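See below for query.txt, which holds compact mmCIF, C-alpha atoms and all ligand atoms.
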# COMPACT_ATOMS: atom_id res chain seq x y z
CA MET A 22 -21.33 -12.78 -4.06
CA GLU A 23 -23.79 -10.88 -6.22
CA LYS A 24 -22.81 -7.66 -8.01
CA ARG A 25 -25.47 -4.95 -7.70
CA GLU A 26 -25.78 -1.34 -8.91
CA GLN A 27 -22.84 0.92 -9.77
CA LEU A 28 -22.31 3.41 -6.95
CA TYR A 29 -19.49 5.49 -8.35
CA GLU A 30 -17.26 5.89 -11.38
CA GLY A 31 -13.89 7.55 -10.88
CA LYS A 32 -11.02 8.25 -13.24
CA ALA A 33 -9.50 4.77 -12.93
CA LYS A 34 -12.07 2.65 -11.09
CA LYS A 35 -15.75 1.85 -10.72
CA VAL A 36 -17.38 0.81 -7.46
CA PHE A 37 -20.41 -1.49 -7.26
CA ALA A 38 -22.71 -2.46 -4.40
CA THR A 39 -23.05 -6.16 -3.59
CA ASP A 40 -25.63 -8.30 -1.75
CA ASP A 41 -23.35 -7.95 1.31
CA PRO A 42 -24.08 -4.60 3.01
CA ASN A 43 -20.48 -4.48 4.25
CA ALA A 44 -18.71 -5.10 0.93
CA TYR A 45 -18.20 -3.34 -2.39
CA ILE A 46 -16.73 -4.54 -5.67
CA VAL A 47 -14.00 -2.34 -7.16
CA SER A 48 -13.45 -2.68 -10.92
CA TYR A 49 -10.21 -1.30 -12.38
CA LYS A 50 -10.29 0.46 -15.77
CA ASP A 51 -7.56 1.00 -18.38
CA ASP A 52 -8.39 4.74 -18.49
CA ALA A 53 -5.59 7.03 -17.41
CA THR A 54 -5.79 10.70 -16.51
CA ALA A 55 -3.23 13.20 -15.31
CA PHE A 56 -3.11 16.82 -14.18
CA ASN A 57 -6.57 16.62 -12.59
CA GLY A 58 -8.19 15.13 -15.70
CA GLN A 59 -6.68 17.57 -18.24
CA LYS A 60 -4.71 14.78 -19.92
CA LYS A 61 -6.63 11.64 -20.84
CA GLY A 62 -5.68 8.32 -22.41
CA THR A 63 -5.72 4.58 -21.94
CA ILE A 64 -2.96 2.22 -20.93
CA ALA A 65 -3.59 -1.31 -22.24
CA GLU A 66 -4.16 -3.81 -19.40
CA LYS A 67 -3.51 -1.16 -16.73
CA GLY A 68 -6.70 -2.20 -14.94
CA ILE A 69 -5.54 -5.80 -14.67
CA ILE A 70 -2.03 -4.84 -13.55
CA ASN A 71 -3.16 -2.28 -10.96
CA ASN A 72 -5.74 -4.69 -9.55
CA LYS A 73 -3.17 -7.45 -9.10
CA VAL A 74 -0.29 -5.24 -7.96
CA SER A 75 -2.45 -3.38 -5.44
CA ASN A 76 -3.90 -6.60 -3.99
CA HIS A 77 -0.45 -8.15 -3.76
CA LEU A 78 0.95 -5.15 -1.87
CA MET A 79 -2.12 -4.79 0.38
CA LYS A 80 -1.83 -8.49 1.30
CA MET A 81 1.83 -7.97 2.23
CA LEU A 82 0.90 -4.92 4.34
CA GLU A 83 -1.99 -6.76 6.03
CA GLU A 84 0.42 -9.59 6.97
CA ASN A 85 2.61 -6.93 8.57
CA GLY A 86 -0.05 -5.34 10.76
CA ILE A 87 -1.66 -2.70 8.51
CA PRO A 88 -5.46 -3.09 8.30
CA THR A 89 -6.65 -2.75 4.67
CA HIS A 90 -9.93 -2.86 2.76
CA LEU A 91 -8.92 -6.00 0.83
CA ILE A 92 -11.27 -8.99 1.17
CA ARG A 93 -10.38 -11.02 -1.94
CA GLU A 94 -9.58 -10.74 -5.65
CA LEU A 95 -12.59 -11.81 -7.71
CA SER A 96 -11.17 -11.66 -11.24
CA ASP A 97 -8.46 -9.97 -13.34
CA ARG A 98 -10.05 -6.54 -12.87
CA GLU A 99 -12.36 -6.93 -9.88
CA THR A 100 -11.76 -7.08 -6.14
CA LEU A 101 -14.10 -7.42 -3.20
CA VAL A 102 -13.33 -4.77 -0.58
CA LYS A 103 -14.69 -3.72 2.79
CA LYS A 104 -17.20 -0.91 2.69
CA VAL A 105 -15.69 2.31 4.04
CA THR A 106 -16.32 6.02 3.97
CA ILE A 107 -13.24 7.53 2.36
CA VAL A 108 -11.46 10.18 4.46
CA PRO A 109 -11.20 13.00 1.86
CA LEU A 110 -7.40 13.26 2.07
CA GLU A 111 -4.62 12.28 -0.29
CA VAL A 112 -1.83 11.20 2.03
CA ILE A 113 1.50 11.57 0.26
CA VAL A 114 4.79 10.16 1.51
CA ARG A 115 8.09 11.20 -0.09
CA ASN A 116 11.56 9.68 0.30
CA ILE A 117 13.22 11.32 -2.70
CA ALA A 118 12.40 14.65 -4.34
CA ALA A 119 10.31 14.40 -7.53
CA GLY A 120 7.17 15.74 -9.17
CA SER A 121 5.32 18.58 -7.48
CA LEU A 122 7.76 18.73 -4.55
CA SER A 123 10.69 19.35 -6.89
CA LYS A 124 8.69 22.00 -8.72
CA ARG A 125 7.45 23.74 -5.57
CA LEU A 126 10.76 23.81 -3.69
CA GLY A 127 13.26 23.85 -6.55
CA LEU A 128 14.79 20.53 -5.49
CA PRO A 129 16.36 18.43 -8.26
CA GLU A 130 14.46 15.23 -9.06
CA GLY A 131 16.27 12.30 -7.46
CA LYS A 132 17.67 14.24 -4.48
CA LYS A 133 17.40 12.10 -1.35
CA LEU A 134 15.42 13.92 1.32
CA ALA A 135 17.16 14.16 4.72
CA LYS A 136 13.82 13.32 6.35
CA THR A 137 10.74 11.54 5.01
CA VAL A 138 8.06 14.08 4.06
CA LEU A 139 4.36 13.55 4.81
CA GLU A 140 1.83 15.77 3.01
CA TYR A 141 -1.94 15.98 2.91
CA SER A 142 -4.11 17.19 0.04
CA TYR A 143 -7.82 17.87 0.33
CA LYS A 144 -9.55 15.51 -2.13
CA ASP A 145 -11.63 17.89 -4.22
CA ASP A 146 -11.42 17.85 -8.03
CA GLU A 147 -12.96 21.33 -8.42
CA LEU A 148 -10.31 22.84 -6.16
CA GLY A 149 -7.53 20.76 -7.76
CA ASP A 150 -6.75 18.78 -4.56
CA PRO A 151 -5.02 21.63 -2.66
CA MET A 152 -2.26 20.80 -0.21
CA ILE A 153 -3.33 21.35 3.41
CA ASN A 154 -1.83 20.79 6.86
CA ASP A 155 -3.24 19.18 10.00
CA TYR A 156 -4.76 22.46 11.19
CA HIS A 157 -6.86 22.60 8.00
CA VAL A 158 -7.86 18.96 8.53
CA PHE A 159 -9.22 19.77 11.99
CA ALA A 160 -10.70 23.15 10.95
CA MET A 161 -12.68 21.42 8.20
CA GLU A 162 -13.41 18.38 10.40
CA LEU A 163 -12.05 16.00 7.76
CA ALA A 164 -10.65 13.76 10.52
CA THR A 165 -10.27 13.90 14.31
CA PRO A 166 -6.79 14.36 15.86
CA GLU A 167 -6.87 10.69 16.89
CA GLU A 168 -7.80 9.54 13.37
CA LEU A 169 -5.12 11.71 11.76
CA LYS A 170 -2.50 10.33 14.14
CA THR A 171 -3.51 6.79 13.15
CA ILE A 172 -3.32 7.78 9.46
CA ALA A 173 0.16 9.33 9.86
CA ASP A 174 1.47 6.37 11.89
CA TYR A 175 0.17 3.91 9.26
CA ALA A 176 1.59 6.03 6.40
CA PHE A 177 5.13 5.93 7.86
CA LYS A 178 4.90 2.22 8.66
CA ILE A 179 3.60 1.50 5.13
CA ASN A 180 6.55 3.48 3.74
CA ASP A 181 9.05 1.36 5.70
CA LEU A 182 7.37 -1.92 4.70
CA LEU A 183 6.91 -1.01 1.02
CA ALA A 184 10.37 0.48 0.56
CA ALA A 185 12.07 -2.61 2.05
CA TYR A 186 9.86 -5.01 0.05
CA LEU A 187 10.46 -3.20 -3.25
CA LYS A 188 14.20 -2.78 -2.66
CA ASP A 189 14.60 -6.56 -2.81
CA LEU A 190 12.92 -6.47 -6.24
CA GLY A 191 15.28 -3.78 -7.54
CA ILE A 192 12.72 -0.97 -7.22
CA GLU A 193 13.32 2.30 -5.40
CA LEU A 194 10.22 3.81 -3.78
CA ILE A 195 10.43 7.54 -4.52
CA ASP A 196 7.01 8.66 -3.29
CA PHE A 197 3.39 7.51 -3.20
CA LYS A 198 -0.18 8.48 -2.38
CA LEU A 199 -2.48 6.66 0.02
CA GLU A 200 -6.15 6.99 0.89
CA PHE A 201 -7.75 5.77 4.07
CA GLY A 202 -11.33 4.85 4.87
CA LYS A 203 -13.49 4.60 7.96
CA THR A 204 -15.39 1.37 8.60
CA PRO A 205 -18.98 1.50 9.92
CA ASP A 206 -17.56 0.74 13.40
CA GLY A 207 -15.20 3.74 13.17
CA ARG A 208 -11.85 2.06 12.45
CA ILE A 209 -9.33 3.63 10.04
CA ILE A 210 -8.12 1.20 7.37
CA LEU A 211 -6.05 1.55 4.19
CA ALA A 212 -8.29 1.86 1.10
CA ASP A 213 -8.02 2.82 -2.60
CA GLU A 214 -4.99 1.32 -4.38
CA ILE A 215 -1.19 1.06 -4.36
CA SER A 216 0.00 0.76 -7.95
CA PRO A 217 2.21 2.36 -10.63
CA ASP A 218 -0.63 4.93 -10.96
CA THR A 219 -0.19 6.11 -7.36
CA CYS A 220 3.52 5.57 -6.68
CA ARG A 221 6.81 6.60 -8.22
CA PHE A 222 8.90 3.49 -8.78
CA TRP A 223 12.43 3.84 -10.19
CA ASP A 224 14.65 0.94 -11.20
CA SER A 225 17.31 0.76 -8.47
CA LYS A 226 20.19 0.25 -10.90
CA THR A 227 19.29 2.32 -13.96
CA GLY A 228 16.93 4.91 -12.47
CA GLU A 229 14.44 4.09 -15.22
CA LYS A 230 10.90 5.24 -14.37
CA LEU A 231 8.46 2.33 -13.92
CA ASP A 232 5.28 4.31 -13.20
CA LYS A 233 2.67 6.75 -14.44
CA ASP A 234 5.21 9.54 -14.98
CA ARG A 235 5.88 7.81 -18.35
CA PHE A 236 2.27 8.64 -19.29
CA ARG A 237 2.22 12.09 -17.65
CA ARG A 238 5.42 13.12 -19.42
CA ASP A 239 4.82 11.38 -22.79
CA MET A 240 7.95 9.28 -22.34
CA GLY A 241 6.69 6.19 -24.18
CA GLY A 242 7.09 2.64 -22.90
CA VAL A 243 4.14 3.06 -20.54
CA GLU A 244 2.65 -0.45 -20.92
CA GLY A 245 6.09 -2.03 -20.72
CA ALA A 246 6.83 -0.26 -17.44
CA TYR A 247 3.53 -1.39 -15.85
CA HIS A 248 4.16 -4.97 -17.03
CA GLU A 249 7.69 -4.85 -15.60
CA VAL A 250 6.35 -3.88 -12.17
CA MET A 251 3.85 -6.75 -12.27
CA ARG A 252 6.54 -9.16 -13.39
CA ARG A 253 8.86 -8.20 -10.55
CA LEU A 254 6.12 -8.36 -7.90
CA LEU A 255 4.10 -11.35 -9.07
CA GLY A 256 6.42 -13.11 -11.50
CA GLU A 257 3.75 -12.73 -14.23
O1 LIG A 301 2.50 15.01 -8.27
P1 LIG A 301 3.17 14.74 -6.97
O2 LIG A 301 4.66 14.83 -7.03
O3 LIG A 301 2.60 15.58 -5.85
O4 LIG A 301 2.80 13.22 -6.60
C1 LIG A 301 3.33 12.58 -5.45
C2 LIG A 301 2.93 11.10 -5.48
O5 LIG A 301 1.54 10.96 -5.28
C3 LIG A 301 3.23 10.42 -6.81
O6 LIG A 301 3.66 9.09 -6.55
C4 LIG A 301 1.91 10.39 -7.54
O7 LIG A 301 1.79 9.26 -8.38
C5 LIG A 301 0.92 10.31 -6.38
N1 LIG A 301 -0.35 11.01 -6.65
C6 LIG A 301 -1.50 10.29 -6.90
N2 LIG A 301 -2.68 10.94 -7.15
C7 LIG A 301 -2.75 12.27 -7.11
C8 LIG A 301 -1.60 13.03 -6.84
C9 LIG A 301 -0.40 12.38 -6.61
O8 LIG A 301 -1.47 9.06 -6.91
N3 LIG A 301 -3.91 12.88 -7.33

Reformat the file's structure so that it appears as structure tokens.
Ligand code: C5P
Amino acid sequence: MEKREQLYEGKAKKVFATDDPNAYIVSYKDDATAFNGQKKGTIAEKGIINNKVSNHLMKMLEENGIPTHLIRELSDRETLVKKVTIVPLEVIVRNIAAGSLSKRLGLPEGKKLAKTVLEYSYKDDELGDPMINDYHVFAMELATPEELKTIADYAFKINDLLAAYLKDLGIELIDFKLEFGKTPDGRIILADEISPDTCRFWDSKTGEKLDKDRFRRDMGGVEGAYHEVMRRLLGE
């Protein structure tokens, strides 16, 4: 596998072409941003942890019937993934009120939601990723009704699989963000990452935050929390 030119650099990852027209290399960085890039910093070894944690969880999901972009881990920070066109939606699933939902609706953080909430945001940095509904998705032709149904069905199934898997490791899955991609032959598959950057993980017993909120809220212990998640998932 030969690494070719850089195609894209995002806030937390770089994407490179390869000599395989159907595969990209994703390289995870230690850079951390929050509030749409207004807060910037680095979290030591975050790139390594997110690469390994995301691959571990995607492998578990794949084994349970969710198609993902994962091909194979190449190194501590690099993974070979299937080439997709990203559907420009942030797909957010919430089990317990926290973050922007708590702020928007005045719900206390930690309140169990009577029903799982699914939200979509339009992926656009300049607009600040505004929340939209399925009518907006179809009006802007971001996905077809059939594609959005597949995305929603996968999102709920991923929630069930992840929540059960993490519960056994003493982690409560509060909420998380997913991104999906479209393969050249038109299939919807899970893309991007699943990591402490993109999920809220709380220790089941103590309620301690084990995710990026420690960075967003200047709580300290950021590296320790990321390492703890890796240790529980991979035993490393
Ligand atoms: O900020 P908010 O409460 O809407 O975030 C919900 C979930 O989505 C959190 O787990 C957060 O980490 C994730 N998220 C993300 N990337 C964004 C926005 C939210 O990973 N741009």

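Considering only C-alpha atoms and all ligand atoms, the residues that reside within 6 Å of ligand LIG 301 (chain A) can be listed as Ile113, Ala119, Gly120, Ser121, Leu122, Asp196, Phe197, Lys198, Asp218, Thr219, Cys220 and Arg221 of chain A.
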
Pick out the residues sitting within 9 Å of A:Pro217, and hand them over as a VMD selection string; count only C-alpha atoms, and ignore anything fewer than 5 positions along from it in its own chain. chain A and resid 70 to 71 74 222 231 to 234 246 to 247 250

How many Å separate atom CA of A:Ser123 from atom CA of A:Glu200? 22.3 Å

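Here atom CA of A:Val102 and atom CA of A:Lys80 stand 12.2 Å from one another.
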
Excluding A:Thr137 and any residue of its chain fewer than 5 positions from it, enumerate the residues within 12 Å of it, using only C-alpha atoms, and give them as an MDAnalysis selection string. chainID A and resid 113:118 173 176:178 180:181 184 194:197

Can I get the selection written as a PDB file, in the frame of the given file, with C-alpha atoms?
ATOM      1  CA  ILE A 113       1.500  11.570   0.260  1.00  0.00           C
ATOM      2  CA  VAL A 114       4.790  10.160   1.510  1.00  0.00           C
ATOM      3  CA  ARG A 115       8.090  11.200  -0.090  1.00  0.00           C
ATOM      4  CA  ASN A 116      11.560   9.680   0.300  1.00  0.00           C
ATOM      5  CA  ILE A 117      13.220  11.320  -2.700  1.00  0.00           C
ATOM      6  CA  ALA A 118      12.400  14.650  -4.340  1.00  0.00           C
ATOM      7  CA  ALA A 173       0.160   9.330   9.860  1.00  0.00           C
ATOM      8  CA  ALA A 176       1.590   6.030   6.400  1.00  0.00           C
ATOM      9  CA  PHE A 177       5.130   5.930   7.860  1.00  0.00           C
ATOM     10  CA  LYS A 178       4.900   2.220   8.660  1.00  0.00           C
ATOM     11  CA  ASN A 180       6.550   3.480   3.740  1.00  0.00           C
ATOM     12  CA  ASP A 181       9.050   1.360   5.700  1.00  0.00           C
ATOM     13  CA  ALA A 184      10.370   0.480   0.560  1.00  0.00           C
ATOM     14  CA  LEU A 194      10.220   3.810  -3.780  1.00  0.00           C
ATOM     15  CA  ILE A 195      10.430   7.540  -4.520  1.00  0.00           C
ATOM     16  CA  ASP A 196       7.010   8.660  -3.290  1.00  0.00           C
ATOM     17  CA  PHE A 197       3.390   7.510  -3.200  1.00  0.00           C
TER      18      PHE A 197
END

Pick out the closest residue to A:Ala164 from this set: A:Val108, A:Val138, A:Leu148, A:Gly131. Count all atoms listed in the file. A:Val108

Excluding stretch 48-53 of chain A and any residue of its chain fewer than 3 positions from it, enumerate the residues within 10 Å of it, using all atoms listed in the file, and give them as a PyMOL selection string. chain A and resi 30-37+45+58+60-73+95-101+214+218+233+236-237

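Atom pair atom CA of A:Phe56 / atom CA of A:Glu147 has a distance of 12.3 Å (rounded to one decimal).
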
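Shortest atom-to-atom contact with A:Asn43 among A:Lys136, A:Lys103, A:Glu193, A:Tyr186: A:Lys103, counting all atoms listed in the file.
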
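Closest approach to A:Leu255 from the set A:Ala212, A:Leu163, A:Leu28, A:Leu78 is made by A:Leu78, with distances taken over all atoms listed in the file.
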
If we count all atoms listed in the file and set the cut-off at 10 Å, which residues sit around A:Ala44, ignoring sequence neighbours fewer than 2 positions away in its own chain? Please answer as a PyMOL selection string. chain A and resi 22+37-42+46-47+90-92+101-105

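Distances from A:Pro166, A:Ile192, A:Lys203, A:Arg253 to A:Thr227 were compared using only C-alpha atoms, and the smallest one belongs to A:Ile192.
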
Got a sec: who's within 9 Å of A:Ile87, counting all atoms listed in the file, leaving out chain neighbours fewer than 6 positions off, as a VMD selection string? chain A and resid 79 81 175 178 to 179 210 to 211

Filtering to C-alpha atoms, could you give me those residues as a PDB file, keeping the file's coordinate frame?
ATOM      1  CA  MET A  79      -2.120  -4.790   0.380  1.00  0.00           C
ATOM      2  CA  MET A  81       1.830  -7.970   2.230  1.00  0.00           C
ATOM      3  CA  TYR A 175       0.170   3.910   9.260  1.00  0.00           C
ATOM      4  CA  LYS A 178       4.900   2.220   8.660  1.00  0.00           C
ATOM      5  CA  ILE A 179       3.600   1.500   5.130  1.00  0.00           C
ATOM      6  CA  ILE A 210      -8.120   1.200   7.370  1.00  0.00           C
ATOM      7  CA  LEU A 211      -6.050   1.550   4.190  1.00  0.00           C
TER       8      LEU A 211
END

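Among the candidate residues A:Leu169, A:Ile215, A:Met240, A:Arg93, the one lying nearest to A:Glu140 is A:Leu169, with distances computed using all atoms listed in the file.
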
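Comparing the minimum interatomic distances between A:Thr204 and each of A:Ile153, A:Ile107, A:Leu126, A:Leu82, counting all atoms listed in the file, we find that A:Ile107 sits nearest.
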
Could you rebuild stretch 72-88 of chain A with N, CA and C atoms and give it back as a tab-separated table (two decimals), keeping the file's coordinate frame?
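Heads up, here's the output in selection.tsv:
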chain	number	residue	atom	x	y	z
A	72	ASN	N	-4.96	-3.83	-10.44
A	72	ASN	CA	-5.74	-4.69	-9.55
A	72	ASN	C	-4.82	-5.71	-8.86
A	73	LYS	N	-4.02	-6.38	-9.65
A	73	LYS	CA	-3.17	-7.45	-9.10
A	73	LYS	C	-2.03	-6.90	-8.23
A	74	VAL	N	-1.41	-5.82	-8.71
A	74	VAL	CA	-0.29	-5.24	-7.96
A	74	VAL	C	-0.80	-4.69	-6.62
A	75	SER	N	-1.92	-3.97	-6.66
A	75	SER	CA	-2.45	-3.38	-5.44
A	75	SER	C	-2.84	-4.47	-4.44
A	76	ASN	N	-3.50	-5.52	-4.91
A	76	ASN	CA	-3.90	-6.60	-3.99
A	76	ASN	C	-2.68	-7.29	-3.39
A	77	HIS	N	-1.68	-7.50	-4.22
A	77	HIS	CA	-0.45	-8.15	-3.76
A	77	HIS	C	0.21	-7.32	-2.65
A	78	LEU	N	0.30	-6.01	-2.86
A	78	LEU	CA	0.95	-5.15	-1.87
A	78	LEU	C	0.08	-5.00	-0.61
A	79	MET	N	-1.23	-4.91	-0.79
A	79	MET	CA	-2.12	-4.79	0.38
A	79	MET	C	-2.04	-6.06	1.23
A	80	LYS	N	-1.94	-7.21	0.57
A	80	LYS	CA	-1.83	-8.49	1.30
A	80	LYS	C	-0.54	-8.49	2.13
A	81	MET	N	0.55	-8.03	1.51
A	81	MET	CA	1.83	-7.97	2.23
A	81	MET	C	1.71	-7.03	3.44
A	82	LEU	N	1.05	-5.88	3.24
A	82	LEU	CA	0.90	-4.92	4.34
A	82	LEU	C	0.03	-5.50	5.46
A	83	GLU	N	-1.07	-6.14	5.05
A	83	GLU	CA	-1.99	-6.76	6.03
A	83	GLU	C	-1.22	-7.78	6.89
A	84	GLU	N	-0.38	-8.58	6.24
A	84	GLU	CA	0.42	-9.59	6.97
A	84	GLU	C	1.40	-8.93	7.94
A	85	ASN	N	1.67	-7.65	7.71
A	85	ASN	CA	2.61	-6.93	8.57
A	85	ASN	C	1.91	-5.90	9.46
A	86	GLY	N	0.63	-6.12	9.73
A	86	GLY	CA	-0.05	-5.34	10.76
A	86	GLY	C	-0.79	-4.10	10.31
A	87	ILE	N	-0.90	-3.87	8.98
A	87	ILE	CA	-1.66	-2.70	8.51
A	87	ILE	C	-3.06	-3.18	8.10
A	88	PRO	N	-4.12	-2.68	8.73
A	88	PRO	CA	-5.46	-3.09	8.30
A	88	PRO	C	-5.81	-2.47	6.94
